[in-house]
Structures are given as C-alpha cells and as structure tokens.
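Data from entry.cif: mmCIF, C-alpha atoms
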data_model
#
loop_
_atom_site.label_atom_id
_atom_site.label_comp_id
_atom_site.auth_asym_id
_atom_site.auth_seq_id
_atom_site.Cartn_x
_atom_site.Cartn_y
_atom_site.Cartn_z
CA MET A 1 -28.21 -20.95 -34.12
CA ALA A 2 -31.83 -20.02 -34.71
CA LYS A 3 -33.93 -17.49 -36.60
CA LEU A 4 -35.69 -15.53 -33.85
CA ALA A 5 -38.08 -12.65 -33.35
CA PHE A 6 -38.09 -10.42 -30.27
CA LEU A 7 -41.09 -8.21 -29.48
CA GLY A 8 -40.72 -5.28 -27.09
CA LEU A 9 -37.55 -3.24 -26.64
CA GLY A 10 -37.96 -1.61 -23.25
CA VAL A 11 -35.26 -1.45 -20.59
CA MET A 12 -35.34 -5.25 -20.36
CA GLY A 13 -36.10 -6.34 -23.91
CA TYR A 14 -33.52 -4.13 -25.63
CA PRO A 15 -30.49 -5.76 -24.00
CA MET A 16 -32.07 -9.22 -23.98
CA ALA A 17 -32.53 -9.10 -27.75
CA GLY A 18 -28.96 -7.85 -28.03
CA HIS A 19 -27.65 -10.88 -26.15
CA LEU A 20 -29.50 -13.17 -28.58
CA GLN A 21 -27.94 -11.48 -31.60
CA ALA A 22 -24.50 -11.55 -29.96
CA ALA A 23 -24.93 -15.29 -29.36
CA GLY A 24 -25.11 -15.79 -33.12
CA HIS A 25 -28.88 -15.97 -33.62
CA ASP A 26 -30.56 -14.16 -36.51
CA VAL A 27 -32.87 -11.75 -34.69
CA THR A 28 -35.71 -9.61 -36.07
CA VAL A 29 -37.19 -7.13 -33.60
CA TYR A 30 -40.49 -5.32 -33.27
CA ASN A 31 -41.27 -2.37 -31.04
CA ARG A 32 -44.36 -0.19 -30.85
CA THR A 33 -42.10 2.84 -31.40
CA THR A 34 -40.56 1.96 -34.76
CA SER A 35 -37.56 4.25 -34.35
CA LYS A 36 -36.41 2.23 -31.35
CA ALA A 37 -36.51 -1.01 -33.33
CA GLU A 38 -34.53 0.64 -36.12
CA LYS A 39 -31.99 1.93 -33.60
CA TRP A 40 -31.59 -1.57 -32.16
CA ALA A 41 -31.11 -3.06 -35.63
CA ALA A 42 -28.47 -0.46 -36.51
CA GLU A 43 -26.66 -1.10 -33.24
CA HIS A 44 -26.78 -4.89 -33.18
CA GLY A 45 -26.94 -5.85 -36.84
CA GLY A 46 -30.33 -7.57 -36.82
CA GLN A 47 -33.52 -6.55 -38.61
CA ALA A 48 -36.56 -4.50 -37.64
CA ALA A 49 -40.13 -5.32 -38.65
CA ALA A 50 -43.19 -3.11 -38.81
CA THR A 51 -45.58 -5.55 -37.08
CA PRO A 52 -45.33 -8.54 -34.74
CA ALA A 53 -46.64 -10.78 -37.53
CA LEU A 54 -43.89 -9.65 -39.91
CA ALA A 55 -41.25 -10.09 -37.22
CA ALA A 56 -42.51 -13.60 -36.49
CA SER A 57 -42.67 -14.65 -40.13
CA SER A 58 -40.32 -17.64 -40.68
CA ALA A 59 -38.99 -17.39 -37.09
CA GLU A 60 -38.41 -20.65 -35.26
CA MET A 61 -39.05 -18.96 -31.94
CA VAL A 62 -40.68 -15.66 -30.97
CA LEU A 63 -39.82 -14.02 -27.66
CA ALA A 64 -41.60 -11.07 -26.06
CA CYS A 65 -41.11 -8.67 -23.18
CA VAL A 66 -43.84 -6.02 -23.18
CA GLY A 67 -45.82 -4.17 -20.51
CA ASN A 68 -49.00 -5.86 -19.27
CA ASP A 69 -51.82 -8.26 -20.14
CA ASP A 70 -53.32 -6.01 -22.83
CA ASP A 71 -49.91 -5.31 -24.39
CA LEU A 72 -49.21 -9.03 -24.57
CA ARG A 73 -52.56 -9.78 -26.19
CA SER A 74 -51.95 -7.01 -28.73
CA VAL A 75 -48.63 -8.48 -29.92
CA CYS A 76 -49.95 -12.05 -29.98
CA ILE A 77 -53.40 -12.03 -31.56
CA GLY A 78 -55.13 -10.30 -34.47
CA ASP A 79 -54.12 -9.95 -38.10
CA ASP A 80 -50.87 -8.18 -37.17
CA GLY A 81 -50.17 -10.32 -34.11
CA ALA A 82 -47.28 -12.72 -33.86
CA PHE A 83 -49.48 -15.83 -33.91
CA ALA A 84 -50.67 -14.83 -37.41
CA GLY A 85 -47.10 -14.94 -38.69
CA MET A 86 -45.90 -18.06 -36.89
CA ASP A 87 -45.67 -21.50 -38.45
CA ASP A 88 -46.98 -24.73 -37.02
CA GLY A 89 -44.51 -26.23 -34.54
CA THR A 90 -42.86 -22.95 -33.55
CA ILE A 91 -42.58 -21.59 -30.00
CA PHE A 92 -43.65 -18.33 -28.37
CA VAL A 93 -41.75 -17.40 -25.18
CA ASP A 94 -43.23 -14.63 -23.04
CA HIS A 95 -40.90 -12.81 -20.64
CA THR A 96 -43.53 -10.24 -19.60
CA THR A 97 -44.81 -10.25 -16.03
CA VAL A 98 -48.54 -10.76 -16.55
CA SER A 99 -51.43 -12.63 -14.96
CA ALA A 100 -51.51 -16.40 -15.08
CA ALA A 101 -55.01 -16.03 -16.56
CA VAL A 102 -53.83 -14.28 -19.74
CA THR A 103 -50.95 -16.76 -19.97
CA ARG A 104 -53.32 -19.70 -19.99
CA GLU A 105 -55.64 -17.91 -22.41
CA LEU A 106 -52.81 -17.37 -24.88
CA PHE A 107 -51.44 -20.88 -24.29
CA GLU A 108 -54.77 -22.27 -25.48
CA ALA A 109 -55.01 -19.83 -28.39
CA ALA A 110 -51.49 -20.75 -29.50
CA ALA A 111 -52.17 -24.48 -29.18
CA GLY A 112 -55.18 -24.07 -31.48
CA GLN A 113 -52.76 -22.90 -34.17
CA GLY A 114 -50.13 -25.56 -33.51
CA ILE A 115 -47.86 -23.13 -31.63
CA SER A 116 -46.23 -23.86 -28.27
CA PHE A 117 -46.38 -21.14 -25.57
CA VAL A 118 -43.93 -20.83 -22.67
CA ASP A 119 -44.47 -18.29 -19.91
CA ALA A 120 -41.02 -17.20 -18.77
CA PRO A 121 -41.07 -14.07 -16.58
CA VAL A 122 -37.70 -12.82 -15.38
CA SER A 123 -36.12 -11.38 -12.26
CA GLY A 124 -32.90 -9.39 -11.99
CA GLY A 125 -33.93 -5.98 -13.22
CA GLN A 126 -32.31 -3.81 -15.86
CA ALA A 127 -28.81 -4.63 -14.64
CA GLY A 128 -29.55 -8.35 -14.87
CA ALA A 129 -30.81 -7.94 -18.43
CA GLU A 130 -27.81 -5.85 -19.48
CA ASN A 131 -25.33 -8.27 -17.90
CA GLY A 132 -27.13 -11.40 -19.10
CA VAL A 133 -27.67 -12.83 -15.61
CA LEU A 134 -31.45 -12.96 -15.25
CA SER A 135 -33.38 -15.56 -13.27
CA VAL A 136 -36.04 -17.07 -15.54
CA MET A 137 -39.00 -19.03 -14.19
CA CYS A 138 -41.01 -20.98 -16.74
CA GLY A 139 -44.34 -22.68 -17.30
CA GLY A 140 -45.47 -24.82 -20.22
CA THR A 141 -44.94 -28.29 -21.60
CA GLN A 142 -41.62 -30.00 -20.98
CA ASP A 143 -40.90 -30.34 -24.70
CA SER A 144 -41.42 -26.67 -25.48
CA TYR A 145 -39.38 -25.65 -22.44
CA ASP A 146 -36.54 -27.96 -23.48
CA SER A 147 -36.47 -26.32 -26.91
CA ALA A 148 -36.49 -22.79 -25.47
CA GLU A 149 -34.01 -23.27 -22.63
CA ALA A 150 -30.81 -22.99 -24.68
CA VAL A 151 -32.01 -19.81 -26.39
CA ILE A 152 -33.02 -18.21 -23.09
CA GLY A 153 -29.55 -19.08 -21.77
CA ALA A 154 -28.13 -16.14 -23.74
CA TYR A 155 -29.27 -13.81 -20.93
CA ALA A 156 -30.00 -16.11 -18.00
CA ARG A 157 -28.01 -17.03 -14.91
CA ILE A 158 -30.63 -19.66 -14.10
CA CYS A 159 -33.60 -20.93 -16.07
CA ARG A 160 -36.02 -23.53 -14.71
CA ARG A 161 -39.37 -25.04 -15.64
CA ILE A 162 -41.64 -24.91 -12.60
CA GLY A 163 -44.69 -26.63 -14.05
CA ASP A 164 -47.50 -26.37 -16.57
CA SER A 165 -48.75 -23.20 -18.26
CA GLY A 166 -48.99 -20.32 -15.76
CA ALA A 167 -46.51 -21.81 -13.31
CA GLY A 168 -43.82 -19.34 -14.38
CA GLN A 169 -46.10 -16.38 -13.72
CA MET A 170 -47.18 -17.77 -10.37
CA THR A 171 -43.51 -18.14 -9.41
CA LYS A 172 -42.84 -14.53 -10.45
CA MET A 173 -45.64 -13.52 -8.08
CA CYS A 174 -43.81 -15.32 -5.27
CA ASN A 175 -40.70 -13.36 -6.25
CA GLN A 176 -42.48 -10.00 -6.06
CA ILE A 177 -44.20 -10.88 -2.78
CA ALA A 178 -40.82 -11.69 -1.22
CA ILE A 179 -39.21 -8.51 -2.56
CA ALA A 180 -41.97 -6.24 -1.26
CA GLY A 181 -41.42 -7.25 2.34
CA LEU A 182 -37.62 -7.18 2.03
CA VAL A 183 -37.50 -3.64 0.62
CA GLN A 184 -39.85 -2.33 3.30
CA GLY A 185 -37.77 -3.97 6.02
CA LEU A 186 -34.54 -2.54 4.59
CA SER A 187 -36.13 0.91 4.32
CA GLU A 188 -37.24 0.81 7.94
CA ALA A 189 -33.80 -0.33 9.10
CA LEU A 190 -32.01 2.48 7.26
CA HIS A 191 -34.58 5.03 8.43
CA PHE A 192 -34.14 3.84 12.01
CA ALA A 193 -30.34 4.14 11.67
CA GLN A 194 -30.67 7.68 10.36
CA LYS A 195 -33.01 8.70 13.18
CA SER A 196 -30.58 7.20 15.69
CA GLY A 197 -27.64 9.20 14.35
CA LEU A 198 -25.82 6.10 13.10
CA ASP A 199 -23.62 5.81 10.01
CA GLY A 200 -25.85 3.81 7.67
CA ARG A 201 -22.91 2.41 5.70
CA ALA A 202 -21.20 1.18 8.83
CA VAL A 203 -24.45 -0.41 9.99
CA VAL A 204 -24.96 -2.25 6.71
CA GLU A 205 -21.33 -3.39 6.58
CA VAL A 206 -21.97 -5.33 9.76
CA ILE A 207 -25.56 -6.53 9.46
CA SER A 208 -25.22 -7.53 5.79
CA GLN A 209 -22.79 -10.28 6.84
CA GLY A 210 -25.37 -11.86 9.12
CA ALA A 211 -28.93 -13.10 8.89
CA ALA A 212 -30.22 -9.70 7.71
CA GLY A 213 -28.24 -9.83 4.46
CA SER A 214 -30.13 -9.88 1.15
CA TRP A 215 -29.78 -8.98 -2.53
CA GLN A 216 -31.72 -5.81 -1.83
CA MET A 217 -29.34 -4.80 0.93
CA ALA A 218 -26.22 -5.56 -1.11
CA ASN A 219 -27.42 -3.80 -4.26
CA ARG A 220 -29.58 -0.94 -3.02
CA TYR A 221 -28.39 0.36 0.34
CA GLU A 222 -25.82 2.79 -1.07
CA THR A 223 -28.20 4.42 -3.53
CA MET A 224 -30.85 4.59 -0.81
CA LEU A 225 -28.47 6.37 1.56
CA ASP A 226 -27.43 8.69 -1.29
CA ASP A 227 -31.10 9.56 -1.95
CA HIS A 228 -30.74 8.27 -5.50
CA PHE A 229 -33.79 6.51 -6.92
CA ASP A 230 -33.65 7.38 -10.62
CA HIS A 231 -32.76 3.83 -11.69
CA GLY A 232 -33.90 0.23 -11.50
CA PHE A 233 -37.37 -1.28 -11.31
CA ALA A 234 -40.01 1.46 -11.16
CA VAL A 235 -42.68 1.80 -8.48
CA ASP A 236 -45.39 1.93 -11.18
CA TRP A 237 -44.27 -1.47 -12.45
CA MET A 238 -44.11 -2.92 -8.96
CA ARG A 239 -47.66 -1.78 -8.22
CA LYS A 240 -48.80 -3.47 -11.44
CA ASP A 241 -47.10 -6.69 -10.33
CA LEU A 242 -48.40 -6.53 -6.75
CA GLY A 243 -51.90 -5.91 -8.11
CA ILE A 244 -51.61 -9.21 -10.00
CA CYS A 245 -50.40 -10.94 -6.81
CA LEU A 246 -53.25 -9.60 -4.70
CA SER A 247 -55.88 -10.39 -7.32
CA THR A 248 -54.58 -13.95 -7.63
CA ALA A 249 -54.54 -14.30 -3.84
CA ASP A 250 -58.25 -13.45 -3.83
CA GLU A 251 -58.76 -16.35 -6.21
CA ASN A 252 -56.61 -18.99 -4.52
CA GLY A 253 -57.27 -18.00 -0.91
CA ALA A 254 -53.71 -17.00 -0.01
CA SER A 255 -53.30 -14.42 2.77
CA LEU A 256 -50.92 -11.59 1.84
CA PRO A 257 -51.28 -8.96 4.59
CA VAL A 258 -47.74 -7.55 4.29
CA THR A 259 -47.91 -7.45 0.49
CA ALA A 260 -51.21 -5.56 0.64
CA LEU A 261 -49.73 -3.08 3.11
CA VAL A 262 -46.57 -2.48 1.08
CA ASP A 263 -48.68 -2.02 -2.05
CA GLN A 264 -50.38 0.89 -0.27
CA PHE A 265 -47.00 2.26 0.77
CA TYR A 266 -46.01 2.27 -2.90
CA LYS A 267 -49.22 4.15 -3.61
CA ASP A 268 -47.99 6.79 -1.16
CA VAL A 269 -44.70 6.96 -3.08
CA GLN A 270 -46.64 7.54 -6.28
CA LYS A 271 -48.44 10.44 -4.58
CA LEU A 272 -45.00 11.89 -3.78
CA GLY A 273 -44.31 11.90 -7.53
CA GLY A 274 -42.19 8.77 -7.40
CA GLY A 275 -43.98 6.50 -9.85
CA ARG A 276 -40.80 6.12 -11.88
CA TRP A 277 -38.47 5.91 -8.89
CA ASP A 278 -36.79 2.62 -8.06
CA THR A 279 -38.73 0.37 -5.69
CA SER A 280 -36.20 1.09 -2.93
CA SER A 281 -37.80 4.56 -2.71
CA LEU A 282 -39.98 3.22 0.11
CA LEU A 283 -37.36 4.95 2.24
CA LYS A 284 -38.50 8.31 0.82
CA ARG A 285 -41.99 7.66 2.16
CA LEU A 286 -40.64 7.12 5.68
CA GLN A 287 -38.50 10.25 5.47
CA ALA A 288 -41.49 12.27 4.28
CA MET A 289 -43.39 11.15 7.38
CA GLY A 290 -40.71 12.75 9.57
#
Please express what this file holds, its structure, as structure tokens.
Amino acid sequence: MAKLAFLGLGVMGYPMAGHLQAAGHDVTVYNRTTSKAEKWAAEHGGQAAATPALAASSAEMVLACVGNDDDLRSVCIGDDGAFAGMDDGTIFVDHTTVSAAVTRELFEAAAGQGISFVDAPVSGGQAGAENGVLSVMCGGTQDSYDSAEAVIGAYARICRRIGDSGAGQMTKMCNQIAIAGLVQGLSEALHFAQKSGLDGRAVVEVISQGAAGSWQMANRYETMLDDHFDHGFAVDWMRKDLGICLSTADENGASLPVTALVDQFYKDVQKLGGGRWDTSSLLKRLQAMG
C-alpha cells in the first residue's frame, strides 16, 4: 500500500480518490474548494491539504483529475504546485483530459526535477468512476507506467500503456471522436422513430441486439426517451474535448468532418441552455428543430 495524493475532487476525482483509500492506500486530497476536500476526508478517512504541494509532500505517487490545460498547470507548477512538494523518483499520474501538448510540456518539466509523469485520461463517465470500472489509456515511460498500473487498478476495468508521453491523451481523443458520431447517430435514430410513430423502446430492444448496438445505446436510450439529461458527461466538457481533437487534427493533418459537425451541434445544444446536460442531449436539438 502506498502514500498517495489526489488532486481534484470533481464528479470523477471524488469517487476515484475514495477507491484508492478503500484499497488501503494512505490518501491526502487537495481541491480548489477546501470544504470539498474536508468533506471527502471526513467521509473516507484520509487527509486534506491546503495546497497541491502540501498534498504531494512525502507522497510516493500524486494523481490528478482537474478541468483543463490551465487547471493542470496550476496544480503542477509554481511554489504551491505538486512538483514543488514531490521527491526525486516519485510519479505524477494525470487523469485529466487535456491536450497532448501540455502533457509533453509537463512531462519535460517533471523530468527536470527527477519526477516521472504518466498521462492517463479515463473513459466511463461518472458511473464508471463511482463503480470503479473506468477505461484508462496511458502514455509515458514503461517503468513509470508499470509502477502506476497497480494503483490505477483501484478504479479501472482496463488500464493500458499506449506509448510515450502524450499517447494516452491522443487515445482519449480517438475515444471522444468515436463517441461524437455514435451519439449523433443514436439521436437521429430515436428522433426518426418518434416521428414515425414507433415505440422507441421496442425499436431499441430489437436493433440493439444487432450491428447497431453500442454502449451509448445500451446506457442512454431510456433516459433519452424519457427526456432526462440532467446526468452524465456534460456538453460543455464534450465541447472542450472535441476542441482539443479538432485542434490536434489541424496539426497532424487528420480529417474529422463528422466530429467538426457534431461539435457545432453541441454548440446548438449550449444555445438551448443545455451546457450542463448529458451529451446524449443531441436528441433535444433535433426535437427543437421540429
């Protein structure tokens, strides 16, 4: 069992840190809103620290799940950043979905201080975090990944190293690109069923057992048909992720026409007031169109 620090207690980080403590690790948490860190510590029996550096002090491994590139930089660097509190030979594991550019930047900054850095974005949403069944895709050196893998296993269904620094984030981009098209296709199918006077549940019962079946269909069709979108992965977060995908595609020459289109559809959902709705709310956009 290890002495760990966990930075960021949002809808993902809060249960992830809880799984680590439940697995027998000694976990110190940091959150920008101090009261949330104190609540976590009272609930799970760990400790709360006032800064990332204090949380990271004497930790063998520091894990983070924050919001975006700037948030990640803020918890890593500077006098109060985690790197300032970490010892030589320790490991920083980042579960945030960020750009591969900031990952490589922080990988180099960490290496300059004798710290290993593993990018390890996750897929599976809030339910996956709460149930400890996330998919974790990693980048970094083999040695640092090998050291981190068992710890990550506390909340992972699968954890794999894809390649060098940034490879985990690039894989997460592939994940979001695939999801975008799937959710739009599912939304159009359910919208078409509704317009045709069909029972959407009966339709899905049949088509989900064939080639059209997907995680999105199995886990989201009922809430979509019930017009319930106050859950899951928010549209605002998806647009942040798709923005990273599209920006990276401009750099590597990949063509992402469907992703670019669905990103604009999510922009329409935001205009409907749905920035915090689940990503399956693409159906709401179609319904609003008539």
Would you kindly translate the PyMOL selection byres ((chain A and resi 105-112) around 9) into the concrete residues it picks from this file, as a PyMOL selection string? chain A and resi 73+76-77+83+91-92+100-104+113-119+140+165-166
Evaluate the PyMOL selection byres ((chain A and resi 56-62) around 6) against this structure - the residues, as number ranges by chain, please. A: 3-6, 53-55, 63, 82, 85-86, 90-92
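This file gives the following result for the PyMOL selection byres ((chain A and resi 219) around 12): Gly124, Gly125, Ala127, Gly128, Val183, Leu186, Val204, Ser208, Gly213, Ser214, Trp215, Gln216, Met217, Ala218, Arg220, Tyr221, Glu222, Thr223, Met224, Leu225, His231, Gly232, Asp278 and Ser280 of chain A.
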Any chance you can output those residues with C-alpha atoms as a PDB file, keeping the file's coordinate frame?
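Here's the written file result.pdb:
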ATOM      1  CA  GLY A 124     -32.900  -9.390 -11.990  1.00  0.00           C
ATOM      2  CA  GLY A 125     -33.930  -5.980 -13.220  1.00  0.00           C
ATOM      3  CA  ALA A 127     -28.810  -4.630 -14.640  1.00  0.00           C
ATOM      4  CA  GLY A 128     -29.550  -8.350 -14.870  1.00  0.00           C
ATOM      5  CA  VAL A 183     -37.500  -3.640   0.620  1.00  0.00           C
ATOM      6  CA  LEU A 186     -34.540  -2.540   4.590  1.00  0.00           C
ATOM      7  CA  VAL A 204     -24.960  -2.250   6.710  1.00  0.00           C
ATOM      8  CA  SER A 208     -25.220  -7.530   5.790  1.00  0.00           C
ATOM      9  CA  GLY A 213     -28.240  -9.830   4.460  1.00  0.00           C
ATOM     10  CA  SER A 214     -30.130  -9.880   1.150  1.00  0.00           C
ATOM     11  CA  TRP A 215     -29.780  -8.980  -2.530  1.00  0.00           C
ATOM     12  CA  GLN A 216     -31.720  -5.810  -1.830  1.00  0.00           C
ATOM     13  CA  MET A 217     -29.340  -4.800   0.930  1.00  0.00           C
ATOM     14  CA  ALA A 218     -26.220  -5.560  -1.110  1.00  0.00           C
ATOM     15  CA  ARG A 220     -29.580  -0.940  -3.020  1.00  0.00           C
ATOM     16  CA  TYR A 221     -28.390   0.360   0.340  1.00  0.00           C
ATOM     17  CA  GLU A 222     -25.820   2.790  -1.070  1.00  0.00           C
ATOM     18  CA  THR A 223     -28.200   4.420  -3.530  1.00  0.00           C
ATOM     19  CA  MET A 224     -30.850   4.590  -0.810  1.00  0.00           C
ATOM     20  CA  LEU A 225     -28.470   6.370   1.560  1.00  0.00           C
ATOM     21  CA  HIS A 231     -32.760   3.830 -11.690  1.00  0.00           C
ATOM     22  CA  GLY A 232     -33.900   0.230 -11.500  1.00  0.00           C
ATOM     23  CA  ASP A 278     -36.790   2.620  -8.060  1.00  0.00           C
ATOM     24  CA  SER A 280     -36.200   1.090  -2.930  1.00  0.00           C
TER      25      SER A 280
END
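Atom pair atom CA of Arg285 of chain A / atom CA of Ile177 of chain A: separated by 19.3 Å.
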Selection: 9 Å around Gly274 of chain A, only C-alpha atoms, excl. self and same-chain fewer than 4 positions, as a PyMOL selection string: chain A and resi 229+234-236+266+268-270+278+281
Residues around (-26.5, -8.3, -24.7), cut-off 8 Å, counting only C-alpha atoms - what are they as a VMD selection string? chain A and resid 15 to 22 129 to 132 155
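Distances to Ala148 of chain A were evaluated for A:Asp80, A:Asp263, A:Asp241, A:Asp94 using only C-alpha atoms, and the minimum falls at A:Asp94.
Counting only C-alpha atoms, the residue from A:Thr279, A:Thr248, A:Ser147, A:Thr51 that sits nearest to Val98 of chain A is A:Thr248.
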Quick one: what's the axis-aligned box for segment 232-251 of chain A, all listed atoms, 4 Å on every side, centre and edges in Å to one decimal, as JSON?
{"center_x": -46.3, "center_y": -7.2, "center_z": -8.1, "size_x": 32.9, "size_y": 26.3, "size_z": 16.6}
With a distance cut-off of 7 Å and all atoms listed in the file, select the neighbouring residues of segment 178-181 of chain A, excluding the residue or stretch itself and same-chain residues fewer than 4 positions from it, and output the selection as an NGL selection string. :A and (174 or 185 or 258-259 or 262)
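Minimum atom-to-atom distance to Ile158 of chain A, evaluated using all atoms listed in the file, belongs to A:Val133 out of A:Ala254, A:Ala49, A:Val133, A:Met173.
The nearest approach to Asn252 of chain A among the residues A:Met170, A:Asp226, A:Gly24, A:Lys240, with all atoms listed in the file taken into account, belongs to A:Met170.
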Start from the incomplete input, build all heavy atoms for segment 102-112 of chain A, and deliver everything as a PDB file, in the frame of the given file.
ATOM      1  N   VAL A 102     -54.085 -14.605 -18.330  1.00  0.00           N
ATOM      2  CA  VAL A 102     -53.830 -14.280 -19.740  1.00  0.00           C
ATOM      3  C   VAL A 102     -52.815 -15.264 -20.322  1.00  0.00           C
ATOM      4  O   VAL A 102     -52.880 -15.611 -21.512  1.00  0.00           O
ATOM      5  CB  VAL A 102     -53.364 -12.820 -19.911  1.00  0.00           C
ATOM      6  CG1 VAL A 102     -51.910 -12.622 -19.470  1.00  0.00           C
ATOM      7  CG2 VAL A 102     -53.515 -12.381 -21.366  1.00  0.00           C
ATOM      8  N   THR A 103     -51.901 -15.745 -19.504  1.00  0.00           N
ATOM      9  CA  THR A 103     -50.950 -16.760 -19.970  1.00  0.00           C
ATOM     10  C   THR A 103     -51.679 -18.008 -20.432  1.00  0.00           C
ATOM     11  O   THR A 103     -51.413 -18.540 -21.521  1.00  0.00           O
ATOM     12  CB  THR A 103     -49.963 -17.113 -18.845  1.00  0.00           C
ATOM     13  OG1 THR A 103     -49.087 -16.001 -18.618  1.00  0.00           O
ATOM     14  CG2 THR A 103     -49.142 -18.335 -19.184  1.00  0.00           C
ATOM     15  N   ARG A 104     -52.598 -18.475 -19.623  1.00  0.00           N
ATOM     16  CA  ARG A 104     -53.320 -19.700 -19.990  1.00  0.00           C
ATOM     17  C   ARG A 104     -54.235 -19.464 -21.178  1.00  0.00           C
ATOM     18  O   ARG A 104     -54.412 -20.349 -22.028  1.00  0.00           O
ATOM     19  CB  ARG A 104     -54.103 -20.202 -18.770  1.00  0.00           C
ATOM     20  CG  ARG A 104     -53.172 -20.715 -17.657  1.00  0.00           C
ATOM     21  CD  ARG A 104     -53.893 -20.962 -16.358  1.00  0.00           C
ATOM     22  NE  ARG A 104     -52.960 -21.386 -15.313  1.00  0.00           N
ATOM     23  CZ  ARG A 104     -53.055 -21.006 -14.033  1.00  0.00           C
ATOM     24  NH1 ARG A 104     -54.051 -20.214 -13.643  1.00  0.00           N
ATOM     25  NH2 ARG A 104     -52.165 -21.434 -13.153  1.00  0.00           N
ATOM     26  N   GLU A 105     -54.808 -18.275 -21.258  1.00  0.00           N
ATOM     27  CA  GLU A 105     -55.640 -17.910 -22.410  1.00  0.00           C
ATOM     28  C   GLU A 105     -54.836 -17.977 -23.703  1.00  0.00           C
ATOM     29  O   GLU A 105     -55.278 -18.559 -24.703  1.00  0.00           O
ATOM     30  CB  GLU A 105     -56.188 -16.497 -22.191  1.00  0.00           C
ATOM     31  CG  GLU A 105     -56.860 -15.860 -23.393  1.00  0.00           C
ATOM     32  CD  GLU A 105     -57.083 -14.368 -23.192  1.00  0.00           C
ATOM     33  OE1 GLU A 105     -57.361 -13.944 -22.038  1.00  0.00           O
ATOM     34  OE2 GLU A 105     -56.971 -13.614 -24.180  1.00  0.00           O
ATOM     35  N   LEU A 106     -53.646 -17.398 -23.678  1.00  0.00           N
ATOM     36  CA  LEU A 106     -52.810 -17.370 -24.880  1.00  0.00           C
ATOM     37  C   LEU A 106     -52.175 -18.733 -25.162  1.00  0.00           C
ATOM     38  O   LEU A 106     -51.931 -19.088 -26.317  1.00  0.00           O
ATOM     39  CB  LEU A 106     -51.754 -16.285 -24.748  1.00  0.00           C
ATOM     40  CG  LEU A 106     -52.310 -14.855 -24.742  1.00  0.00           C
ATOM     41  CD1 LEU A 106     -51.220 -13.841 -24.433  1.00  0.00           C
ATOM     42  CD2 LEU A 106     -52.983 -14.530 -26.079  1.00  0.00           C
ATOM     43  N   PHE A 107     -51.923 -19.512 -24.117  1.00  0.00           N
ATOM     44  CA  PHE A 107     -51.440 -20.880 -24.290  1.00  0.00           C
ATOM     45  C   PHE A 107     -52.446 -21.680 -25.109  1.00  0.00           C
ATOM     46  O   PHE A 107     -52.065 -22.399 -26.045  1.00  0.00           O
ATOM     47  CB  PHE A 107     -51.232 -21.523 -22.919  1.00  0.00           C
ATOM     48  CG  PHE A 107     -50.814 -22.969 -22.949  1.00  0.00           C
ATOM     49  CD1 PHE A 107     -49.477 -23.322 -22.997  1.00  0.00           C
ATOM     50  CD2 PHE A 107     -51.765 -23.984 -22.935  1.00  0.00           C
ATOM     51  CE1 PHE A 107     -49.088 -24.663 -23.023  1.00  0.00           C
ATOM     52  CE2 PHE A 107     -51.395 -25.324 -22.956  1.00  0.00           C
ATOM     53  CZ  PHE A 107     -50.053 -25.657 -23.003  1.00  0.00           C
ATOM     54  N   GLU A 108     -53.724 -21.537 -24.757  1.00  0.00           N
ATOM     55  CA  GLU A 108     -54.770 -22.270 -25.480  1.00  0.00           C
ATOM     56  C   GLU A 108     -54.929 -21.746 -26.899  1.00  0.00           C
ATOM     57  O   GLU A 108     -55.100 -22.524 -27.848  1.00  0.00           O
ATOM     58  CB  GLU A 108     -56.101 -22.155 -24.721  1.00  0.00           C
ATOM     59  CG  GLU A 108     -56.113 -22.841 -23.365  1.00  0.00           C
ATOM     60  CD  GLU A 108     -55.903 -24.349 -23.461  1.00  0.00           C
ATOM     61  OE1 GLU A 108     -56.251 -24.936 -24.511  1.00  0.00           O
ATOM     62  OE2 GLU A 108     -55.404 -24.952 -22.498  1.00  0.00           O
ATOM     63  N   ALA A 109     -54.880 -20.412 -27.054  1.00  0.00           N
ATOM     64  CA  ALA A 109     -55.010 -19.830 -28.390  1.00  0.00           C
ATOM     65  C   ALA A 109     -53.857 -20.282 -29.288  1.00  0.00           C
ATOM     66  O   ALA A 109     -54.053 -20.605 -30.465  1.00  0.00           O
ATOM     67  CB  ALA A 109     -55.036 -18.304 -28.295  1.00  0.00           C
ATOM     68  N   ALA A 110     -52.657 -20.309 -28.732  1.00  0.00           N
ATOM     69  CA  ALA A 110     -51.490 -20.750 -29.500  1.00  0.00           C
ATOM     70  C   ALA A 110     -51.619 -22.224 -29.880  1.00  0.00           C
ATOM     71  O   ALA A 110     -51.356 -22.612 -31.028  1.00  0.00           O
ATOM     72  CB  ALA A 110     -50.217 -20.519 -28.687  1.00  0.00           C
ATOM     73  N   ALA A 111     -52.039 -23.044 -28.923  1.00  0.00           N
ATOM     74  CA  ALA A 111     -52.170 -24.480 -29.180  1.00  0.00           C
ATOM     75  C   ALA A 111     -53.152 -24.748 -30.316  1.00  0.00           C
ATOM     76  O   ALA A 111     -52.949 -25.679 -31.111  1.00  0.00           O
ATOM     77  CB  ALA A 111     -52.620 -25.192 -27.909  1.00  0.00           C
ATOM     78  N   GLY A 112     -54.207 -23.910 -30.406  1.00  0.00           N
ATOM     79  CA  GLY A 112     -55.180 -24.070 -31.480  1.00  0.00           C
ATOM     80  C   GLY A 112     -54.602 -23.826 -32.850  1.00  0.00           C
ATOM     81  O   GLY A 112     -55.184 -24.232 -33.865  1.00  0.00           O
TER      82      GLY A 112
END
